[in-house]
Structure formats: structure tokens, C-alpha cells
Amino acid sequence: MLDVNDLMVFYENALAVNSLNLDVQKGEMVGVFGSNSAGKTTLMNTIAGLTLHLKYRELRKGGQRITIVGKQLFEGKDISNLSPSDRVKKGIVLCRERHPVFRDMSVEENLRLGGFLIKEQAKIEESIDLVYKIFPPLTKLKARSAGLCSGGEQEMVAIGMALVARPKLMLLDEPLLGLSPVMQAIVVQALKDIRELDVTVLLSEQYARPIMPHIDRGFIIENGTLIMSGTKEELMDNPEVMSAYFGM
Ligand SMILES: Nc1ncnc2c1ncn2[C@@H]1O[C@H](COP(=O)(O)OP(=O)(O)OP(=O)(O)O)[C@@H](O)[C@H]1O
Ligand SMILES: [Mg+2]
């Protein structure tokens, strides 16, 4: 479904992603694991088109700071030059790190915004109902300003917004970051529910442990470079990987 081929991203002269190859097959849940500055966000933002968007914005201001090399293919087609919104229309939807929500808008207004590219109102309402089924705690928070919600509740809203955009491939950048174990379990269960809806999932995490039992395959990156990839079983069978990256 997704193929990232020889991707390199430079900010000035610093290499944030280095000759990275990664693939995601339809129906999979795939993890990208790496410590701070490994390049997880750069990778996710590049697949979603945000890095290209930032590059063009800086070019318009006269800067030439960002270089992107390599191809990204989605369902066999080259998407490397598409804008973020064109990628959303194709079904690639990113839930960015640290649960970005519109703080002054209500939970339900945030969810509705997730569907801003969807023309049929009925589809948006249907998706919002689905979000409340997947995250029951949000039902009681519909009218609350998202900025007043807890970090965990905001993460539910952020994932909900991505879901309302009707993804085929949902990208999640550190969805478990900063959440309590109870909230992590709720989000992990939600990701499993989302996958049941025929949504393919690519997520990044710094700490793999809570999500490890639920992924099909994983990629480990360090300083933008792929260190290892394999099925969950292959990763879990490797003691070095387990102690270095998973704290197990
Ligand atoms: N807009 C930017 N301009 C310049 N350098 C950047 C920019 N964004 C990221 N970088 C650099 O690229 C490298 C990779 O950063 P990135 O945010 O992708 O890592 P990460 O794995 O998401 O880290 P974290 O776990 O802290 O979120 C870092 O060295 C970072 O300083
Ligand atoms: Mg990051």
C-alpha cells in the first residue's frame, strides 16, 4: 500500500532521514521505533506531505533549507509531489505528535473539522458517531473546549479527527506519548478497533513496549537510519533489540 524508497530528508546540512526504505501492506499495523531525534516525526510528516509543504513555504520566503530525495508511493502511484490535502483525499491521514487540537473549539467541533475535505455531511456525522463508539469517554465531553481536556482526552480527539477524515492509511506520530498506562490501554484498544474498520496503520513510538504485542512488523531507526526491520516475532526474538529499544 505504502512504499518509501531511499528517502533522505536534509534540514540545512543535517540529515534527518537517511536512505530509508519502508513498506506497509494493506491491513497491517506497522511500528516505527526510535529514540529522540531518530527522525520519526520527519518520516511521518514527509509521508503526509507536510515536509514538502514546509519546503515550499520556505522557498517562497527565499530559503532553501529543506531537501527531500527519494520517492513515496501509495497504492503503486508516486505521491512524492502531492500536497498534504491531496494526500488526505487519497486516504493518507496523519495524527500528529502531542495531540494537536484546536483548543478553543469544542470536542465535537474538532471532530467535525477532521472531515473538512469530505463533501457529504451525512458521512461526517456517521464518522463522528463512530468516534464516540470507539472512544466512549468523549461522548460526555462533546461540548467541552478541547483545550480544557486532559492530555489523554485530547489524544482521543486527535485520533478521532483523523478518523473522521476517512483514512485508508492512518499515520500516528507517538500516539502513546505522555499517557498513563490506563489511557495507553484505551488508545491501543482504539487502534485495534480502527484496524478492524479496514484502516491500515503506521505509527511511531519511542517506547515500543505497550504497542509491541499488537503490531505486525516494526522498523527501528536511529539518527534517521534504519537499524533493523522485521516481523514482531523477529524483533522480539532478538535480545539486543529488546533491551536496547524496548526496555524488555
Ligand atoms: N523543521 C526542522 N528544522 C531543522 N531541523 C529539524 C526540523 N525538524 C526536525 N529537525 C531535526 O531532524 C532530526 C530528526 O527530528 P525528528 O523530529 O524527526 O525526530 P523524532 O524521532 O520525531 O524525535 P522525538 O522523539 O523527539 O519526537 C533532529 O535532529 C531534529 O533536530
Ligand atoms: Mg517526533
# chains A, B, ... in the order shown; residues from 1 in each chain; ligands from 1

$ residues_near_ligand --ligand "ligand 1" --cutoff "7 Å" --atoms "only C-alpha atoms and all ligand atoms" --output "mmCIF file with all heavy atoms, in the first residue's frame"
data_model
loop_
_atom_site.group_PDB
_atom_site.id
_atom_site.type_symbol
_atom_site.label_atom_id
_atom_site.label_comp_id
_atom_site.auth_asym_id
_atom_site.auth_seq_id
_atom_site.Cartn_x
_atom_site.Cartn_y
_atom_site.Cartn_z
ATOM 1 N N TYR A 11 17.700 18.944 6.682
ATOM 2 C CA TYR A 11 17.393 20.310 7.113
ATOM 3 C C TYR A 11 18.745 21.018 7.098
ATOM 4 O O TYR A 11 19.623 20.650 7.872
ATOM 5 C CB TYR A 11 16.843 20.332 8.532
ATOM 6 C CG TYR A 11 15.531 19.601 8.712
ATOM 7 C CD1 TYR A 11 15.481 18.382 9.386
ATOM 8 C CD2 TYR A 11 14.330 20.132 8.239
ATOM 9 C CE1 TYR A 11 14.285 17.714 9.592
ATOM 10 C CE2 TYR A 11 13.130 19.471 8.433
ATOM 11 C CZ TYR A 11 13.122 18.268 9.110
ATOM 12 O OH TYR A 11 11.937 17.614 9.313
ATOM 13 N N LEU A 15 21.245 15.698 8.202
ATOM 14 C CA LEU A 15 20.470 14.614 7.621
ATOM 15 C C LEU A 15 19.507 14.084 8.684
ATOM 16 O O LEU A 15 19.927 13.527 9.691
ATOM 17 C CB LEU A 15 21.451 13.518 7.195
ATOM 18 C CG LEU A 15 20.971 12.395 6.310
ATOM 19 C CD1 LEU A 15 20.339 12.936 5.041
ATOM 20 C CD2 LEU A 15 22.144 11.488 5.959
ATOM 21 N N ALA A 16 18.193 14.274 8.469
ATOM 22 C CA ALA A 16 17.218 13.803 9.464
ATOM 23 C C ALA A 16 16.723 12.406 9.131
ATOM 24 O O ALA A 16 16.394 11.620 10.016
ATOM 25 C CB ALA A 16 16.042 14.772 9.544
ATOM 26 N N GLY A 34 12.162 4.501 17.557
ATOM 27 C CA GLY A 34 13.449 5.173 17.630
ATOM 28 C C GLY A 34 13.426 6.194 18.744
ATOM 29 O O GLY A 34 12.359 6.666 19.132
ATOM 30 N N SER A 35 14.601 6.557 19.246
ATOM 31 C CA SER A 35 14.668 7.484 20.372
ATOM 32 C C SER A 35 14.478 8.925 19.892
ATOM 33 O O SER A 35 14.209 9.155 18.716
ATOM 34 C CB SER A 35 15.997 7.299 21.107
ATOM 35 O OG SER A 35 17.030 7.355 20.166
ATOM 36 N N ASN A 36 14.646 9.878 20.784
ATOM 37 C CA ASN A 36 14.512 11.294 20.435
ATOM 38 C C ASN A 36 15.422 11.627 19.261
ATOM 39 O O ASN A 36 16.564 11.177 19.224
ATOM 40 C CB ASN A 36 14.902 12.202 21.612
ATOM 41 C CG ASN A 36 13.831 12.231 22.685
ATOM 42 O OD1 ASN A 36 14.106 11.970 23.832
ATOM 43 N ND2 ASN A 36 12.610 12.526 22.306
ATOM 44 N N SER A 37 14.901 12.406 18.329
ATOM 45 C CA SER A 37 15.669 12.855 17.151
ATOM 46 C C SER A 37 15.997 11.747 16.164
ATOM 47 O O SER A 37 16.804 11.949 15.267
ATOM 48 C CB SER A 37 16.998 13.520 17.546
ATOM 49 O OG SER A 37 16.731 14.635 18.319
ATOM 50 N N ALA A 38 15.384 10.593 16.314
ATOM 51 C CA ALA A 38 15.674 9.490 15.389
ATOM 52 C C ALA A 38 15.191 9.815 13.978
ATOM 53 O O ALA A 38 15.708 9.275 13.000
ATOM 54 C CB ALA A 38 15.015 8.204 15.885
ATOM 55 N N GLY A 39 14.179 10.674 13.894
ATOM 56 C CA GLY A 39 13.634 11.023 12.578
ATOM 57 C C GLY A 39 12.199 10.560 12.381
ATOM 58 O O GLY A 39 11.671 10.606 11.272
ATOM 59 N N LYS A 40 11.546 10.156 13.477
ATOM 60 C CA LYS A 40 10.183 9.624 13.386
ATOM 61 C C LYS A 40 9.211 10.667 12.840
ATOM 62 O O LYS A 40 8.445 10.401 11.910
ATOM 63 C CB LYS A 40 9.686 9.145 14.767
ATOM 64 C CG LYS A 40 10.564 8.101 15.410
ATOM 65 C CD LYS A 40 10.055 7.687 16.787
ATOM 66 C CE LYS A 40 10.028 8.776 17.831
ATOM 67 N NZ LYS A 40 11.360 9.306 18.212
ATOM 68 N N THR A 41 9.260 11.865 13.436
ATOM 69 C CA THR A 41 8.324 12.904 13.011
ATOM 70 C C THR A 41 8.622 13.344 11.578
ATOM 71 O O THR A 41 7.702 13.554 10.776
ATOM 72 C CB THR A 41 8.403 14.111 13.985
ATOM 73 O OG1 THR A 41 8.001 13.651 15.270
ATOM 74 C CG2 THR A 41 7.509 15.254 13.544
ATOM 75 N N THR A 42 9.909 13.463 11.258
ATOM 76 C CA THR A 42 10.272 13.848 9.887
ATOM 77 C C THR A 42 9.731 12.825 8.895
ATOM 78 O O THR A 42 9.170 13.186 7.854
ATOM 79 C CB THR A 42 11.804 13.967 9.766
ATOM 80 O OG1 THR A 42 12.260 14.932 10.719
ATOM 81 C CG2 THR A 42 12.214 14.393 8.367
ATOM 82 N N LEU A 43 9.853 11.552 9.231
ATOM 83 C CA LEU A 43 9.350 10.495 8.346
ATOM 84 C C LEU A 43 7.829 10.601 8.186
ATOM 85 O O LEU A 43 7.300 10.609 7.061
ATOM 86 C CB LEU A 43 9.734 9.122 8.921
ATOM 87 C CG LEU A 43 9.144 7.913 8.207
ATOM 88 C CD1 LEU A 43 9.712 7.790 6.792
ATOM 89 C CD2 LEU A 43 9.425 6.630 8.990
ATOM 90 N N GLN A 206 8.464 6.028 20.720
ATOM 91 C CA GLN A 206 9.797 5.944 21.281
ATOM 92 C C GLN A 206 9.906 4.674 22.137
ATOM 93 O O GLN A 206 10.890 3.960 22.089
ATOM 94 C CB GLN A 206 10.047 7.187 22.128
ATOM 95 C CG GLN A 206 11.467 7.286 22.546
ATOM 96 C CD GLN A 206 11.797 8.643 23.134
ATOM 97 O OE1 GLN A 206 12.738 8.745 23.875
ATOM 98 N NE2 GLN A 206 11.039 9.675 22.827
ATOM 99 N N GLY A 224 18.057 8.706 11.900
ATOM 100 C CA GLY A 224 17.495 8.713 10.547
ATOM 101 C C GLY A 224 17.786 7.480 9.721
ATOM 102 O O GLY A 224 17.312 7.364 8.594
#

$ residues_around --residues "A:Lys133" --least-positions-apart "6" --cutoff "12 Å" --atoms "only C-alpha atoms" --output "PDB file with N, CA and C atoms, in the first residue's frame"
ATOM      1  N   GLU A 126     -21.819  10.337  10.481  1.00  0.00           N
ATOM      2  CA  GLU A 126     -21.649   8.894  10.688  1.00  0.00           C
ATOM      3  C   GLU A 126     -20.279   8.615  11.332  1.00  0.00           C
ATOM      4  N   SER A 127     -19.254   9.307  10.821  1.00  0.00           N
ATOM      5  CA  SER A 127     -17.906   9.099  11.364  1.00  0.00           C
ATOM      6  C   SER A 127     -17.805   9.603  12.791  1.00  0.00           C
ATOM      7  N   THR A 139     -18.043  11.016  24.598  1.00  0.00           N
ATOM      8  CA  THR A 139     -19.480  11.305  24.487  1.00  0.00           C
ATOM      9  C   THR A 139     -19.881  12.389  25.485  1.00  0.00           C
ATOM     10  N   LYS A 140     -19.325  12.279  26.696  1.00  0.00           N
ATOM     11  CA  LYS A 140     -19.693  13.246  27.753  1.00  0.00           C
ATOM     12  C   LYS A 140     -18.957  14.570  27.579  1.00  0.00           C
ATOM     13  N   MET A 156      -7.444  11.340  22.276  1.00  0.00           N
ATOM     14  CA  MET A 156      -8.635  10.684  21.699  1.00  0.00           C
ATOM     15  C   MET A 156      -9.269  11.594  20.652  1.00  0.00           C
ATOM     16  N   GLY A 160      -9.577  10.832  16.811  1.00  0.00           N
ATOM     17  CA  GLY A 160     -10.942  10.924  16.269  1.00  0.00           C
ATOM     18  C   GLY A 160     -10.999  11.807  15.038  1.00  0.00           C
ATOM     19  N   ALA A 190      -8.284   1.230  20.895  1.00  0.00           N
ATOM     20  CA  ALA A 190      -8.899   2.013  19.801  1.00  0.00           C
ATOM     21  C   ALA A 190      -8.183   1.736  18.478  1.00  0.00           C
ATOM     22  N   ASP A 193      -9.422  -1.413  17.177  1.00  0.00           N
ATOM     23  CA  ASP A 193     -10.781  -1.230  16.610  1.00  0.00           C
ATOM     24  C   ASP A 193     -10.696  -0.570  15.235  1.00  0.00           C
ATOM     25  N   ILE A 194      -9.807   0.433  15.136  1.00  0.00           N
ATOM     26  CA  ILE A 194      -9.673   1.187  13.877  1.00  0.00           C
ATOM     27  C   ILE A 194      -9.172   0.250  12.782  1.00  0.00           C
TER      28      ILE A 194
END

$ closest_residue --among "A:Asp104, A:Asp23, A:Asp6, A:Asp173" --to "ligand 2" --atoms "only C-alpha atoms and all ligand atoms"
A:Asp173

$ select_by_dssp --residues "stretch 39-236 of chain A" --states "strand (DSSP E or B)" --output "MDAnalysis selection string"
chainID A and resid 66:74 77:78 92:95 106 145 169:173 200:205 217:222 225:231

$ closest_residue --among "A:Gln25, A:Asn45, A:Thr231, A:Ser19" --to "ligand 2" --atoms "only C-alpha atoms and all ligand atoms"
A:Asn45

$ closest_residue --among "A:Leu172, A:Ala165, A:Val199, A:Val182" --to "ligand 2" --atoms "only C-alpha atoms and all ligand atoms"
A:Leu172

$ residues_around --residues "A:Ala185" --least-positions-apart "3" --cutoff "12 Å" --atoms "only C-alpha atoms" --output "PyMOL selection string"
chain A and resi 135+152+156+175-176+179-182+188-192+209-211+213-214

$ select_by_dssp --residues "stretch 56-210 of chain A" --states "alpha helix (DSSP H)" --output "number ranges by chain"
A: 56-60, 84-90, 107-113, 121-134, 151-164, 181-196

$ closest_residue --among "A:Phe116, A:Val107, A:Leu52, A:Ala158" --to "A:Leu138" --atoms "only C-alpha atoms"
A:Val107

$ atom_distance --atom1 "atom CA of A:Ala244" --atom2 "atom CA of A:Gly27"
28.4 Å

$ closest_residue --among "A:Lys77, A:Lys89, A:Lys26, A:Lys232" --to "A:Ile118" --atoms "only C-alpha atoms"
A:Lys89

$ closest_residue --among "A:Leu141, A:Val24, A:Ala162, A:Val131" --to "A:Ile215" --atoms "only C-alpha atoms"
A:Val24

$ atom_distance --atom1 "atom CA of A:Gln64" --atom2 "atom CA of A:Ile47"
20.1 Å

$ residues_around --residues "A:Asp3" --least-positions-apart "6" --cutoff "6 Å" --atoms "only C-alpha atoms" --output "list in words"
Leu22, Asp23, Gln72 and Leu73 of chain A

$ residues_around --residues "A:Phe102" --least-positions-apart "5" --cutoff "12 Å" --atoms "only C-alpha atoms" --output "list in words"
Val107, Glu108, Glu109, Asn110, Leu111, Arg112, Leu113, Gly114, Arg144, Ser145, Ala146, Gly147, Leu148, Cys149, Gln154, Glu155, Val157, Ala158 and Met161 of chain A

$ write_last_selection --atoms "all heavy atoms" --output "compact mmCIF listing (two decimals), in the first residue's frame"
# COMPACT_ATOMS: atom_id res chain seq x y z
N VAL A 107 -14.95 19.73 21.63
CA VAL A 107 -14.54 18.41 21.17
C VAL A 107 -15.26 18.07 19.86
O VAL A 107 -14.64 17.64 18.89
CB VAL A 107 -14.84 17.36 22.27
CG1 VAL A 107 -14.81 15.94 21.73
CG2 VAL A 107 -13.86 17.52 23.43
N GLU A 108 -16.58 18.28 19.85
CA GLU A 108 -17.32 17.91 18.63
C GLU A 108 -16.94 18.79 17.43
O GLU A 108 -16.85 18.30 16.31
CB GLU A 108 -18.83 17.96 18.88
CG GLU A 108 -19.60 17.49 17.66
CD GLU A 108 -20.84 16.68 18.00
OE1 GLU A 108 -20.78 15.84 18.92
OE2 GLU A 108 -21.86 16.90 17.34
N GLU A 109 -16.70 20.07 17.68
CA GLU A 109 -16.26 20.94 16.57
C GLU A 109 -14.92 20.48 16.01
O GLU A 109 -14.69 20.50 14.81
CB GLU A 109 -16.15 22.40 17.05
CG GLU A 109 -17.48 23.09 17.19
CD GLU A 109 -17.41 24.41 17.98
OE1 GLU A 109 -16.41 24.64 18.71
OE2 GLU A 109 -18.37 25.18 17.89
N ASN A 110 -14.04 20.04 16.90
CA ASN A 110 -12.76 19.49 16.45
C ASN A 110 -12.99 18.27 15.57
O ASN A 110 -12.40 18.15 14.49
CB ASN A 110 -11.89 19.09 17.66
CG ASN A 110 -10.97 20.20 18.12
OD1 ASN A 110 -9.87 20.37 17.59
ND2 ASN A 110 -11.41 20.98 19.08
N LEU A 111 -13.85 17.37 16.04
CA LEU A 111 -14.10 16.15 15.26
C LEU A 111 -14.65 16.50 13.88
O LEU A 111 -14.25 15.94 12.86
CB LEU A 111 -15.08 15.22 15.99
CG LEU A 111 -14.56 14.64 17.31
CD1 LEU A 111 -15.65 13.79 17.97
CD2 LEU A 111 -13.30 13.80 17.09
N ARG A 112 -15.57 17.47 13.87
CA ARG A 112 -16.20 17.86 12.59
C ARG A 112 -15.14 18.42 11.63
O ARG A 112 -15.18 18.17 10.43
CB ARG A 112 -17.31 18.88 12.87
CG ARG A 112 -18.20 19.12 11.70
CD ARG A 112 -19.58 19.62 12.09
NE ARG A 112 -20.43 18.55 12.57
CZ ARG A 112 -21.03 18.52 13.74
NH1 ARG A 112 -20.89 19.52 14.59
NH2 ARG A 112 -21.77 17.49 14.10
N LEU A 113 -14.18 19.17 12.20
CA LEU A 113 -13.11 19.74 11.37
C LEU A 113 -12.29 18.66 10.67
O LEU A 113 -11.77 18.87 9.58
CB LEU A 113 -12.16 20.56 12.25
CG LEU A 113 -12.34 22.05 12.25
CD1 LEU A 113 -11.25 22.68 13.10
CD2 LEU A 113 -12.29 22.61 10.84
N GLY A 114 -12.19 17.50 11.32
CA GLY A 114 -11.46 16.38 10.72
C GLY A 114 -12.02 16.02 9.35
O GLY A 114 -11.31 15.48 8.50
N ARG A 144 -17.27 20.32 25.54
CA ARG A 144 -16.15 20.94 26.28
C ARG A 144 -15.09 21.48 25.32
O ARG A 144 -14.82 20.88 24.28
CB ARG A 144 -15.53 19.90 27.21
CG ARG A 144 -14.41 20.50 28.05
CD ARG A 144 -13.82 19.55 29.04
NE ARG A 144 -14.77 19.13 30.06
CZ ARG A 144 -14.46 18.26 31.01
NH1 ARG A 144 -13.25 17.73 31.07
NH2 ARG A 144 -15.36 17.91 31.91
N SER A 145 -14.49 22.61 25.69
CA SER A 145 -13.37 23.12 24.90
C SER A 145 -12.26 22.08 24.92
O SER A 145 -11.90 21.58 26.00
CB SER A 145 -12.81 24.40 25.51
OG SER A 145 -13.74 25.43 25.39
N ALA A 146 -11.71 21.81 23.76
CA ALA A 146 -10.69 20.77 23.69
C ALA A 146 -9.48 21.13 24.54
O ALA A 146 -8.82 20.26 25.11
CB ALA A 146 -10.28 20.54 22.24
N GLY A 147 -9.21 22.44 24.67
CA GLY A 147 -8.07 22.89 25.46
C GLY A 147 -8.21 22.58 26.93
O GLY A 147 -7.23 22.56 27.68
N LEU A 148 -9.45 22.34 27.38
CA LEU A 148 -9.67 22.02 28.79
C LEU A 148 -9.64 20.52 29.05
O LEU A 148 -9.75 20.07 30.18
CB LEU A 148 -11.02 22.60 29.26
CG LEU A 148 -11.14 24.12 29.18
CD1 LEU A 148 -12.52 24.57 29.64
CD2 LEU A 148 -10.06 24.80 30.01
N CYS A 149 -9.53 19.74 27.99
CA CYS A 149 -9.47 18.28 28.15
C CYS A 149 -8.08 17.86 28.60
O CYS A 149 -7.10 18.56 28.34
CB CYS A 149 -9.79 17.59 26.82
SG CYS A 149 -11.50 17.75 26.31
N GLN A 154 -7.40 14.65 24.89
CA GLN A 154 -7.01 15.36 23.66
C GLN A 154 -6.46 14.38 22.62
O GLN A 154 -6.68 14.55 21.43
CB GLN A 154 -5.96 16.43 23.97
CG GLN A 154 -6.55 17.61 24.71
CD GLN A 154 -5.52 18.70 24.97
OE1 GLN A 154 -4.49 18.78 24.33
NE2 GLN A 154 -5.81 19.56 25.94
N GLU A 155 -5.75 13.36 23.09
CA GLU A 155 -5.24 12.36 22.15
C GLU A 155 -6.41 11.63 21.49
O GLU A 155 -6.38 11.35 20.28
CB GLU A 155 -4.30 11.38 22.87
CG GLU A 155 -3.61 10.38 21.95
CD GLU A 155 -2.73 11.03 20.87
OE1 GLU A 155 -2.11 12.06 21.16
OE2 GLU A 155 -2.70 10.50 19.73
N VAL A 157 -9.33 12.89 20.95
CA VAL A 157 -9.91 13.84 19.99
C VAL A 157 -9.06 13.87 18.71
O VAL A 157 -9.58 13.81 17.59
CB VAL A 157 -10.01 15.26 20.60
CG1 VAL A 157 -10.50 16.27 19.55
CG2 VAL A 157 -10.94 15.28 21.80
N ALA A 158 -7.73 13.91 18.90
CA ALA A 158 -6.84 14.00 17.74
C ALA A 158 -6.96 12.75 16.86
O ALA A 158 -7.04 12.85 15.62
CB ALA A 158 -5.39 14.18 18.21
N MET A 161 -10.31 12.94 15.08
CA MET A 161 -10.29 13.86 13.92
C MET A 161 -9.72 13.15 12.70
O MET A 161 -10.23 13.28 11.58
CB MET A 161 -9.43 15.09 14.22
CG MET A 161 -10.08 16.07 15.15
SD MET A 161 -8.89 17.34 15.67
CE MET A 161 -8.89 18.39 14.24

$ decode --residues "stretch 222-233 of chain A" --atoms "all heavy atoms" --output "PDB file, in the first residue's frame"
ATOM      1  N   GLU A 222      17.576   4.946  13.870  1.00  0.00           N
ATOM      2  CA  GLU A 222      18.491   5.661  14.765  1.00  0.00           C
ATOM      3  C   GLU A 222      19.183   6.718  13.909  1.00  0.00           C
ATOM      4  O   GLU A 222      19.703   6.376  12.842  1.00  0.00           O
ATOM      5  CB  GLU A 222      19.527   4.672  15.288  1.00  0.00           C
ATOM      6  CG  GLU A 222      20.020   4.963  16.680  1.00  0.00           C
ATOM      7  CD  GLU A 222      20.968   3.871  17.150  1.00  0.00           C
ATOM      8  OE1 GLU A 222      22.165   3.981  16.862  1.00  0.00           O
ATOM      9  OE2 GLU A 222      20.493   2.911  17.777  1.00  0.00           O
ATOM     10  N   ASN A 223      19.192   7.947  14.352  1.00  0.00           N
ATOM     11  CA  ASN A 223      19.775   9.037  13.562  1.00  0.00           C
ATOM     12  C   ASN A 223      19.317   8.988  12.098  1.00  0.00           C
ATOM     13  O   ASN A 223      20.117   9.174  11.189  1.00  0.00           O
ATOM     14  CB  ASN A 223      21.309   8.986  13.601  1.00  0.00           C
ATOM     15  CG  ASN A 223      21.825   9.157  15.001  1.00  0.00           C
ATOM     16  OD1 ASN A 223      21.294   9.969  15.762  1.00  0.00           O
ATOM     17  ND2 ASN A 223      22.823   8.375  15.371  1.00  0.00           N
ATOM     18  N   GLY A 224      18.057   8.706  11.900  1.00  0.00           N
ATOM     19  CA  GLY A 224      17.495   8.713  10.547  1.00  0.00           C
ATOM     20  C   GLY A 224      17.786   7.480   9.721  1.00  0.00           C
ATOM     21  O   GLY A 224      17.312   7.364   8.594  1.00  0.00           O
ATOM     22  N   THR A 225      18.548   6.556  10.297  1.00  0.00           N
ATOM     23  CA  THR A 225      18.962   5.379   9.528  1.00  0.00           C
ATOM     24  C   THR A 225      18.257   4.126  10.043  1.00  0.00           C
ATOM     25  O   THR A 225      18.128   3.944  11.264  1.00  0.00           O
ATOM     26  CB  THR A 225      20.493   5.187   9.663  1.00  0.00           C
ATOM     27  OG1 THR A 225      21.123   6.399   9.251  1.00  0.00           O
ATOM     28  CG2 THR A 225      20.993   4.042   8.807  1.00  0.00           C
ATOM     29  N   LEU A 226      17.843   3.289   9.119  1.00  0.00           N
ATOM     30  CA  LEU A 226      17.192   2.037   9.506  1.00  0.00           C
ATOM     31  C   LEU A 226      18.223   1.089  10.111  1.00  0.00           C
ATOM     32  O   LEU A 226      19.252   0.798   9.502  1.00  0.00           O
ATOM     33  CB  LEU A 226      16.567   1.404   8.255  1.00  0.00           C
ATOM     34  CG  LEU A 226      15.701   0.175   8.481  1.00  0.00           C
ATOM     35  CD1 LEU A 226      14.464   0.547   9.281  1.00  0.00           C
ATOM     36  CD2 LEU A 226      15.298  -0.423   7.137  1.00  0.00           C
ATOM     37  N   ILE A 227      17.946   0.637  11.337  1.00  0.00           N
ATOM     38  CA  ILE A 227      18.874  -0.262  12.029  1.00  0.00           C
ATOM     39  C   ILE A 227      18.424  -1.705  11.843  1.00  0.00           C
ATOM     40  O   ILE A 227      19.213  -2.614  11.685  1.00  0.00           O
ATOM     41  CB  ILE A 227      18.884   0.047  13.552  1.00  0.00           C
ATOM     42  CG1 ILE A 227      19.297   1.479  13.812  1.00  0.00           C
ATOM     43  CG2 ILE A 227      19.744  -0.936  14.319  1.00  0.00           C
ATOM     44  CD1 ILE A 227      20.729   1.768  13.460  1.00  0.00           C
ATOM     45  N   MET A 228      17.112  -1.899  11.910  1.00  0.00           N
ATOM     46  CA  MET A 228      16.584  -3.254  11.772  1.00  0.00           C
ATOM     47  C   MET A 228      15.109  -3.185  11.428  1.00  0.00           C
ATOM     48  O   MET A 228      14.423  -2.239  11.807  1.00  0.00           O
ATOM     49  CB  MET A 228      16.746  -3.977  13.115  1.00  0.00           C
ATOM     50  CG  MET A 228      16.496  -5.462  12.995  1.00  0.00           C
ATOM     51  SD  MET A 228      16.442  -6.272  14.588  1.00  0.00           S
ATOM     52  CE  MET A 228      15.701  -7.808  14.101  1.00  0.00           C
ATOM     53  N   SER A 229      14.644  -4.176  10.704  1.00  0.00           N
ATOM     54  CA  SER A 229      13.206  -4.288  10.492  1.00  0.00           C
ATOM     55  C   SER A 229      12.845  -5.756  10.516  1.00  0.00           C
ATOM     56  O   SER A 229      13.699  -6.615  10.318  1.00  0.00           O
ATOM     57  CB  SER A 229      12.808  -3.665   9.152  1.00  0.00           C
ATOM     58  OG  SER A 229      13.352  -4.420   8.099  1.00  0.00           O
ATOM     59  N   GLY A 230      11.610  -6.036  10.790  1.00  0.00           N
ATOM     60  CA  GLY A 230      11.195  -7.434  10.812  1.00  0.00           C
ATOM     61  C   GLY A 230       9.794  -7.580  11.348  1.00  0.00           C
ATOM     62  O   GLY A 230       9.148  -6.585  11.727  1.00  0.00           O
ATOM     63  N   THR A 231       9.334  -8.821  11.395  1.00  0.00           N
ATOM     64  CA  THR A 231       8.029  -9.074  11.990  1.00  0.00           C
ATOM     65  C   THR A 231       8.157  -8.884  13.493  1.00  0.00           C
ATOM     66  O   THR A 231       9.278  -8.867  14.030  1.00  0.00           O
ATOM     67  CB  THR A 231       7.579 -10.525  11.718  1.00  0.00           C
ATOM     68  OG1 THR A 231       8.541 -11.399  12.321  1.00  0.00           O
ATOM     69  CG2 THR A 231       7.496 -10.819  10.233  1.00  0.00           C
ATOM     70  N   LYS A 232       7.013  -8.769  14.127  1.00  0.00           N
ATOM     71  CA  LYS A 232       7.017  -8.639  15.589  1.00  0.00           C
ATOM     72  C   LYS A 232       7.842  -9.760  16.220  1.00  0.00           C
ATOM     73  O   LYS A 232       8.654  -9.535  17.110  1.00  0.00           O
ATOM     74  CB  LYS A 232       5.567  -8.704  16.072  1.00  0.00           C
ATOM     75  CG  LYS A 232       5.400  -8.907  17.535  1.00  0.00           C
ATOM     76  CD  LYS A 232       3.957  -8.880  17.933  1.00  0.00           C
ATOM     77  CE  LYS A 232       3.101  -9.926  17.244  1.00  0.00           C
ATOM     78  NZ  LYS A 232       1.678  -9.758  17.520  1.00  0.00           N
ATOM     79  N   GLU A 233       7.646 -10.989  15.711  1.00  0.00           N
ATOM     80  CA  GLU A 233       8.336 -12.152  16.276  1.00  0.00           C
ATOM     81  C   GLU A 233       9.852 -12.011  16.097  1.00  0.00           C
ATOM     82  O   GLU A 233      10.620 -12.266  17.023  1.00  0.00           O
ATOM     83  CB  GLU A 233       7.860 -13.448  15.615  1.00  0.00           C
ATOM     84  CG  GLU A 233       6.415 -13.832  15.940  1.00  0.00           C
ATOM     85  CD  GLU A 233       5.373 -12.984  15.216  1.00  0.00           C
ATOM     86  OE1 GLU A 233       5.714 -12.338  14.190  1.00  0.00           O
ATOM     87  OE2 GLU A 233       4.221 -12.951  15.674  1.00  0.00           O
TER      88      GLU A 233
END
